file run.tsv (TSV, C-alpha atoms)
chain	number	residue	atom	x	y	z
A	23	MET	CA	0.00	0.00	0.00
A	24	ILE	CA	3.00	2.31	0.48
A	25	ALA	CA	5.17	2.70	-2.62
A	26	GLU	CA	8.74	1.46	-2.18
A	27	ARG	CA	10.22	4.71	-3.47
A	28	GLN	CA	8.36	6.58	-0.71
A	29	TRP	CA	9.96	4.29	1.90
A	30	ARG	CA	13.45	4.73	0.48
A	31	TYR	CA	13.13	8.49	0.22
A	32	LEU	CA	11.82	8.85	3.75
A	33	LEU	CA	14.42	6.56	5.33
A	34	GLN	CA	17.26	8.25	3.49
A	35	ALA	CA	15.96	11.72	4.26
A	36	THR	CA	15.67	11.10	7.99
A	37	THR	CA	19.02	9.53	8.83
A	38	ARG	CA	20.93	12.79	9.16
A	39	THR	CA	20.05	13.67	12.76
A	40	PHE	CA	19.23	11.01	15.37
A	41	ILE	CA	17.24	12.35	18.33
A	42	PHE	CA	15.62	10.72	21.34
A	43	MET	CA	12.06	11.42	20.32
A	44	LEU	CA	8.82	9.49	19.81
A	45	LEU	CA	6.85	9.54	16.56
A	46	ALA	CA	3.13	8.77	17.00
A	47	ILE	CA	0.98	7.71	14.04
A	48	GLU	CA	-2.83	7.84	13.87
A	49	THR	CA	-4.68	6.47	10.82
A	50	ALA	CA	-7.37	4.20	12.30
A	51	THR	CA	-10.26	6.57	11.58
A	52	SER	CA	-10.87	9.57	9.30
A	53	ALA	CA	-7.80	11.34	10.67
A	54	CYS	CA	-4.36	11.11	9.11
A	55	SER	CA	-2.33	12.42	12.01
A	56	VAL	CA	1.27	12.30	13.20
A	57	ALA	CA	3.03	13.90	16.14
A	58	LEU	CA	6.61	14.15	17.38
A	59	PHE	CA	7.31	14.15	21.13
A	60	ASP	CA	10.40	14.99	23.16
A	61	GLY	CA	9.76	13.25	26.47
A	62	ASP	CA	6.20	14.18	27.39
A	63	GLN	CA	6.28	17.43	25.41
A	64	ILE	CA	4.97	17.69	21.88
A	65	VAL	CA	7.48	19.14	19.42
A	66	ASP	CA	5.22	19.36	16.35
A	67	GLU	CA	2.29	17.65	14.66
A	68	ARG	CA	0.52	17.24	11.35
A	69	HIS	CA	-3.21	16.51	11.33
A	70	GLU	CA	-5.75	16.23	8.54
A	71	LEU	CA	-9.22	14.69	8.24
A	72	VAL	CA	-9.13	12.67	5.04
A	73	ALA	CA	-11.65	9.81	5.39
A	74	ARG	CA	-9.80	8.02	2.54
A	75	GLY	CA	-6.33	8.19	1.07
A	76	HIS	CA	-4.25	7.60	4.21
A	77	ALA	CA	-1.68	5.62	2.21
A	78	GLU	CA	-0.99	8.54	-0.13
A	79	LYS	CA	-0.84	11.20	2.56
A	80	LEU	CA	0.93	9.49	5.47
A	81	ILE	CA	4.55	9.28	4.28
A	82	PRO	CA	4.73	12.86	2.93
A	83	MET	CA	3.15	14.02	6.20
A	84	ILE	CA	5.79	12.20	8.26
A	85	GLU	CA	8.57	13.54	6.04
A	86	SER	CA	7.31	17.09	6.57
A	87	LEU	CA	7.03	16.58	10.33
A	88	LEU	CA	10.47	15.04	10.83
A	89	ALA	CA	12.33	17.49	8.60
A	90	GLY	CA	15.46	15.33	8.56
A	91	ARG	CA	15.21	14.14	12.16
A	92	GLN	CA	15.06	10.45	13.06
A	93	PRO	CA	12.96	9.47	16.10
A	94	SER	CA	14.20	6.86	18.53
A	95	SER	CA	10.83	5.10	18.95
A	96	LEU	CA	7.47	4.75	17.22
A	97	LEU	CA	3.87	4.47	18.41
A	98	VAL	CA	0.92	3.54	16.20
A	99	ASP	CA	-2.85	3.20	16.56
A	100	CYS	CA	-3.70	-0.49	16.11
A	101	GLY	CA	-7.48	0.00	15.91
A	102	PRO	CA	-10.26	-0.82	15.89
A	103	GLY	CA	-11.50	1.47	13.15
A	104	SER	CA	-11.12	1.52	9.40
A	105	PHE	CA	-9.56	-1.80	8.40
A	106	THR	CA	-7.62	-0.08	5.61
A	107	GLY	CA	-6.52	2.80	7.82
A	108	VAL	CA	-5.31	0.42	10.54
A	109	ARG	CA	-3.28	-1.60	8.04
A	110	VAL	CA	-1.75	1.51	6.45
A	111	GLY	CA	-0.57	2.91	9.77
A	112	ILE	CA	0.83	-0.36	11.08
A	113	ALA	CA	2.57	-1.20	7.79
A	114	ALA	CA	4.21	2.23	7.71
A	115	ALA	CA	5.26	1.99	11.35
A	116	HIS	CA	6.76	-1.47	10.91
A	117	GLY	CA	8.65	-0.36	7.81
A	118	MET	CA	10.17	2.61	9.60
A	119	ALA	CA	10.94	0.61	12.75
A	120	ILE	CA	12.87	-1.93	10.68
A	121	GLY	CA	14.60	0.68	8.51
A	122	TRP	CA	15.68	2.79	11.48
A	123	ALA	CA	16.16	-0.13	13.92
A	124	VAL	CA	14.00	1.52	16.59
A	125	PRO	CA	11.31	0.05	18.89
A	126	LEU	CA	7.64	0.12	17.91
A	127	HIS	CA	4.58	-0.09	20.16
A	128	GLY	CA	0.84	0.22	19.68
A	129	TYR	CA	-2.27	1.59	21.34
A	130	SER	CA	-6.04	1.17	20.99
A	131	SER	CA	-8.18	3.78	19.30
A	132	LEU	CA	-10.96	3.21	21.84
A	133	ALA	CA	-8.60	3.77	24.76
A	134	LEU	CA	-7.41	7.06	23.28
A	135	ILE	CA	-10.98	8.24	22.68
A	136	ALA	CA	-11.80	7.53	26.32
A	137	ALA	CA	-8.57	9.07	27.62
A	138	VAL	CA	-9.24	12.45	25.99
A	139	GLY	CA	-11.65	13.69	28.63
A	140	GLU	CA	-12.17	14.08	32.36
A	141	GLU	CA	-15.11	11.75	33.09
A	142	ASP	CA	-14.80	9.20	35.91
A	143	GLU	CA	-16.63	6.66	33.76
A	144	VAL	CA	-16.83	6.80	29.97
A	145	ALA	CA	-17.38	4.46	27.04
A	146	ALA	CA	-15.86	4.81	23.59
A	147	ALA	CA	-18.01	4.05	20.55
A	148	LEU	CA	-16.75	4.03	16.97
A	149	GLU	CA	-18.73	3.31	13.82
A	150	GLY	CA	-17.57	-0.11	12.69
A	151	GLY	CA	-19.43	-0.60	9.43
A	152	HIS	CA	-22.33	-2.95	8.63
A	153	GLY	CA	-24.47	-1.04	11.13
A	154	GLN	CA	-22.27	-2.03	14.05
A	155	LEU	CA	-20.34	-0.08	16.68
A	156	PHE	CA	-17.00	-0.84	18.28
A	157	VAL	CA	-17.54	-0.21	22.00
A	158	GLN	CA	-15.57	-0.45	25.23
A	159	SER	CA	-15.90	1.13	28.68
A	160	TYR	CA	-13.19	2.77	30.80
A	161	ARG	CA	-12.71	4.21	34.27
A	162	ARG	CA	-10.57	7.24	35.02
A	163	ASP	CA	-8.54	6.55	38.16
A	164	PRO	CA	-6.56	4.51	37.50
A	165	PHE	CA	-7.33	4.66	33.80
A	166	ALA	CA	-8.24	1.17	32.57
A	167	ALA	CA	-10.84	-0.74	30.58
A	168	THR	CA	-13.73	-2.15	32.58
A	169	ASP	CA	-15.09	-4.51	29.92
A	170	THR	CA	-13.90	-6.12	26.70
A	171	LEU	CA	-13.97	-4.69	23.20
A	172	ALA	CA	-17.16	-5.65	21.36
A	173	SER	CA	-18.62	-5.06	17.89
A	174	LEU	CA	-22.38	-4.75	18.31
A	175	SER	CA	-25.44	-3.19	16.74
A	176	PRO	CA	-26.62	-0.03	18.55
A	177	ALA	CA	-29.49	-2.02	20.08
A	178	GLU	CA	-27.11	-4.69	21.37
A	179	ALA	CA	-24.62	-2.09	22.59
A	180	ALA	CA	-27.45	-0.38	24.51
A	181	GLY	CA	-27.66	-3.43	26.76
A	182	TYR	CA	-23.88	-3.78	27.05
A	183	ILE	CA	-22.69	-0.23	27.77
A	184	THR	CA	-23.85	1.50	30.96
A	185	ALA	CA	-21.40	4.42	31.20
A	186	PRO	CA	-23.24	7.76	31.38
A	187	VAL	CA	-20.91	9.44	28.86
A	188	ILE	CA	-20.25	8.02	25.39
A	189	ALA	CA	-17.39	9.39	23.30
A	190	GLY	CA	-16.65	8.92	19.62
A	191	ASP	CA	-18.44	9.04	16.28
A	192	GLY	CA	-20.79	6.23	17.34
A	193	ALA	CA	-21.93	8.02	20.51
A	194	GLU	CA	-25.14	9.53	19.11
A	195	ALA	CA	-26.33	6.20	17.67
A	196	LEU	CA	-25.70	4.39	20.94
A	197	ILE	CA	-27.41	7.04	23.05
A	198	ALA	CA	-30.40	7.08	20.71
A	199	ALA	CA	-30.74	3.30	21.02
A	200	ARG	CA	-30.27	3.39	24.78
A	201	GLY	CA	-32.46	6.40	25.50
A	202	TYR	CA	-30.10	8.18	27.90
A	203	GLY	CA	-26.58	9.49	28.29
A	204	THR	CA	-24.33	12.31	27.14
A	205	ALA	CA	-22.38	12.28	23.87
A	206	ARG	CA	-18.87	13.69	23.66
A	207	SER	CA	-17.08	14.27	20.38
A	208	ALA	CA	-13.62	12.73	20.30
A	209	ALA	CA	-11.75	12.96	17.01
A	210	LEU	CA	-8.57	10.94	17.22
A	211	ARG	CA	-5.32	12.89	17.09
A	212	ALA	CA	-1.74	11.61	17.32
A	213	ALA	CA	-0.85	14.59	19.51
A	214	ASP	CA	-3.05	13.10	22.27
A	215	ALA	CA	-1.28	9.72	22.34
A	216	LEU	CA	0.67	10.39	25.53
A	217	ARG	CA	-2.56	10.92	27.46
A	218	LEU	CA	-2.64	7.13	27.67
A	219	PRO	CA	-0.85	5.47	30.60
A	220	LEU	CA	2.31	3.61	29.67
A	221	ALA	CA	0.67	0.17	29.87
A	222	LEU	CA	-1.89	1.19	27.22
A	223	ARG	CA	0.65	2.65	24.80
A	224	THR	CA	3.06	-0.27	24.81
A	225	LEU	CA	0.78	-2.83	23.15
A	226	VAL	CA	2.09	-5.33	20.61
A	227	PRO	CA	1.87	-3.43	17.29
A	228	ARG	CA	-0.61	-5.65	15.46
A	229	PRO	CA	-4.12	-4.90	14.18
A	230	ILE	CA	-7.07	-4.78	16.57
A	231	TYR	CA	-9.86	-5.30	14.05
A	232	GLY	CA	-12.74	-5.75	16.49
A	233	ARG	CA	-14.46	-8.13	14.10
A	234	PRO	CA	-13.38	-10.29	11.14
A	235	PRO	CA	-12.30	-8.28	8.05
A	236	ASP	CA	-14.78	-8.01	5.18
A	237	ALA	CA	-12.27	-9.37	2.68
A	238	LYS	CA	-11.81	-13.14	2.88
A	239	PRO	CA	-8.68	-14.94	1.68
A	240	MET	CA	-9.12	-17.01	-1.46
A	241	THR	CA	-9.22	-20.77	-0.94

call {"tool": "encode", "arguments": {"input": "run.tsv", "output": "structure tokens"}}
result
Amino acid sequence: MIAERQWRYLLQATTRTFIFMLLAIETATSACSVALFDGDQIVDERHELVARGHAEKLIPMIESLLAGRQPSSLLVDCGPGSFTGVRVGIAAAHGMAIGWAVPLHGYSSLALIAAVGEEDEVAAALEGGHGQLFVQSYRRDPFAATDTLASLSPAEAAGYITAPVIAGDGAEALIAARGYGTARSAALRAADALRLPLALRTLVPRPIYGRPPDAKPMT
């Protein structure tokens, strides 16, 4: 999905200055978003809502952000969300981690949605296609999931999620089906990645699809 010449150009262009920084990548939803951190401080970011075309935009966006700098670690959203977006982000992150010989970790899109807020109890809900929602509940202190990730219809999710606040692009549908609650918008942004506690941003960097992919391998 990422052209080889893009990889080569990026890897060659960013080997001039090695710095101890973290590059975060967010492509699991409509956002194509990258951020560079020095410790817990953000250095710079690039963020665009694209819906489609993550593969074409991501590498030039990273090149612009790094401006010749090479990060010492990588962090990528592993989903759930757009199956294509998840694969694009993880493939790019793995390619750079191998090319630069730096560590790579992952995080969950639902955890980040929940983390961007102040509620004691919140559930994240993302549109998952086929009329379903990806849902999961979290508590604030200490921040952690209180149930397991599920892909459910709004009616099914209404009986599964009890948190009073729902965040994410599936919040309105879930609240309508449930008949109560408060919706909070929560567009994903790479610059928010360090809001997650360390345990939730050091996941194995592999896709969290939430349900089986639509495309089936040929037999």

call {"tool": "atom_distance", "arguments": {"input": "run.tsv", "atom1": "atom CA of A:Thr184", "atom2": "atom CA of A:Val98"}}
result
28.9 Å

call {"tool": "closest_residue", "arguments": {"input": "run.tsv", "among": "A:Ala185, A:Ile84, A:Ala50, A:Ala115", "to": "A:Asp142", "atoms": "all atoms listed in the file"}}
result
A:Ala185

call {"tool": "closest_atom_pairs", "arguments": {"input": "run.tsv", "of": "stretch 142-177 of chain A", "to": "stretch 118-137 of chain A", "cutoff": "9 Å", "atoms": "all atoms listed in the file", "output": "Markdown table"}}
result
| residue | atom | partner | partner_atom | distance |
| --- | --- | --- | --- | --- |
| A:Glu143 | CA | A:Ala136 | CA | 8.9 |
| A:Val144 | CA | A:Ala136 | CA | 6.3 |
| A:Ala145 | CA | A:Ala136 | CA | 6.4 |
| A:Ala146 | CA | A:Leu132 | CA | 5.4 |
| A:Ala147 | CA | A:Leu132 | CA | 7.2 |
| A:Leu148 | CA | A:Leu132 | CA | 7.6 |
| A:Phe156 | CA | A:Leu132 | CA | 8.1 |
| A:Val157 | CA | A:Leu132 | CA | 7.4 |
| A:Gln158 | CA | A:Leu132 | CA | 6.8 |
| A:Ser159 | CA | A:Ala136 | CA | 8.0 |
| A:Tyr160 | CA | A:Ala136 | CA | 6.7 |
| A:Arg161 | CA | A:Ala136 | CA | 8.7 |
| A:Arg162 | CA | A:Ala137 | CA | 7.9 |
| A:Phe165 | CA | A:Ala137 | CA | 7.7 |
| A:Ala166 | CA | A:Ala133 | CA | 8.2 |
| A:Ala167 | CA | A:Ala133 | CA | 7.7 |
| A:Leu171 | CA | A:Leu132 | CA | 8.6 |

call {"tool": "closest_residue", "arguments": {"input": "run.tsv", "among": "A:Leu155, A:Leu218, A:Met83, A:Ala212", "to": "A:Gly190", "atoms": "all atoms listed in the file"}}
result
A:Leu155

call {"tool": "residues_near_point", "arguments": {"input": "run.tsv", "point": "(-27.6, 5.2, 20.7)", "cutoff": "12 Å", "atoms": "all atoms listed in the file", "output": "PyMOL selection string"}}
result
chain A and resi 147-149+153-155+157+174-184+186-205

call {"tool": "write_last_selection", "arguments": {"input": "run.tsv", "atoms": "C-alpha atoms", "output": "mmCIF file, in the coordinates of the input"}}
result
data_model
loop_
_atom_site.group_PDB
_atom_site.id
_atom_site.type_symbol
_atom_site.label_atom_id
_atom_site.label_comp_id
_atom_site.auth_asym_id
_atom_site.auth_seq_id
_atom_site.Cartn_x
_atom_site.Cartn_y
_atom_site.Cartn_z
ATOM 1 C CA ALA A 147 -18.010 4.050 20.550
ATOM 2 C CA LEU A 148 -16.750 4.030 16.970
ATOM 3 C CA GLU A 149 -18.730 3.310 13.820
ATOM 4 C CA GLY A 153 -24.470 -1.040 11.130
ATOM 5 C CA GLN A 154 -22.270 -2.030 14.050
ATOM 6 C CA LEU A 155 -20.340 -0.080 16.680
ATOM 7 C CA VAL A 157 -17.540 -0.210 22.000
ATOM 8 C CA LEU A 174 -22.380 -4.750 18.310
ATOM 9 C CA SER A 175 -25.440 -3.190 16.740
ATOM 10 C CA PRO A 176 -26.620 -0.030 18.550
ATOM 11 C CA ALA A 177 -29.490 -2.020 20.080
ATOM 12 C CA GLU A 178 -27.110 -4.690 21.370
ATOM 13 C CA ALA A 179 -24.620 -2.090 22.590
ATOM 14 C CA ALA A 180 -27.450 -0.380 24.510
ATOM 15 C CA GLY A 181 -27.660 -3.430 26.760
ATOM 16 C CA TYR A 182 -23.880 -3.780 27.050
ATOM 17 C CA ILE A 183 -22.690 -0.230 27.770
ATOM 18 C CA THR A 184 -23.850 1.500 30.960
ATOM 19 C CA PRO A 186 -23.240 7.760 31.380
ATOM 20 C CA VAL A 187 -20.910 9.440 28.860
ATOM 21 C CA ILE A 188 -20.250 8.020 25.390
ATOM 22 C CA ALA A 189 -17.390 9.390 23.300
ATOM 23 C CA GLY A 190 -16.650 8.920 19.620
ATOM 24 C CA ASP A 191 -18.440 9.040 16.280
ATOM 25 C CA GLY A 192 -20.790 6.230 17.340
ATOM 26 C CA ALA A 193 -21.930 8.020 20.510
ATOM 27 C CA GLU A 194 -25.140 9.530 19.110
ATOM 28 C CA ALA A 195 -26.330 6.200 17.670
ATOM 29 C CA LEU A 196 -25.700 4.390 20.940
ATOM 30 C CA ILE A 197 -27.410 7.040 23.050
ATOM 31 C CA ALA A 198 -30.400 7.080 20.710
ATOM 32 C CA ALA A 199 -30.740 3.300 21.020
ATOM 33 C CA ARG A 200 -30.270 3.390 24.780
ATOM 34 C CA GLY A 201 -32.460 6.400 25.500
ATOM 35 C CA TYR A 202 -30.100 8.180 27.900
ATOM 36 C CA GLY A 203 -26.580 9.490 28.290
ATOM 37 C CA THR A 204 -24.330 12.310 27.140
ATOM 38 C CA ALA A 205 -22.380 12.280 23.870
#

call {"tool": "atom_distance", "arguments": {"input": "run.tsv", "atom1": "atom CA of A:Leu80", "atom2": "atom CA of A:Gly101"}}
result
16.4 Å

call {"tool": "atom_distance", "arguments": {"input": "run.tsv", "atom1": "atom CA of A:Arg217", "atom2": "atom CA of A:Ile47"}}
result
14.2 Å
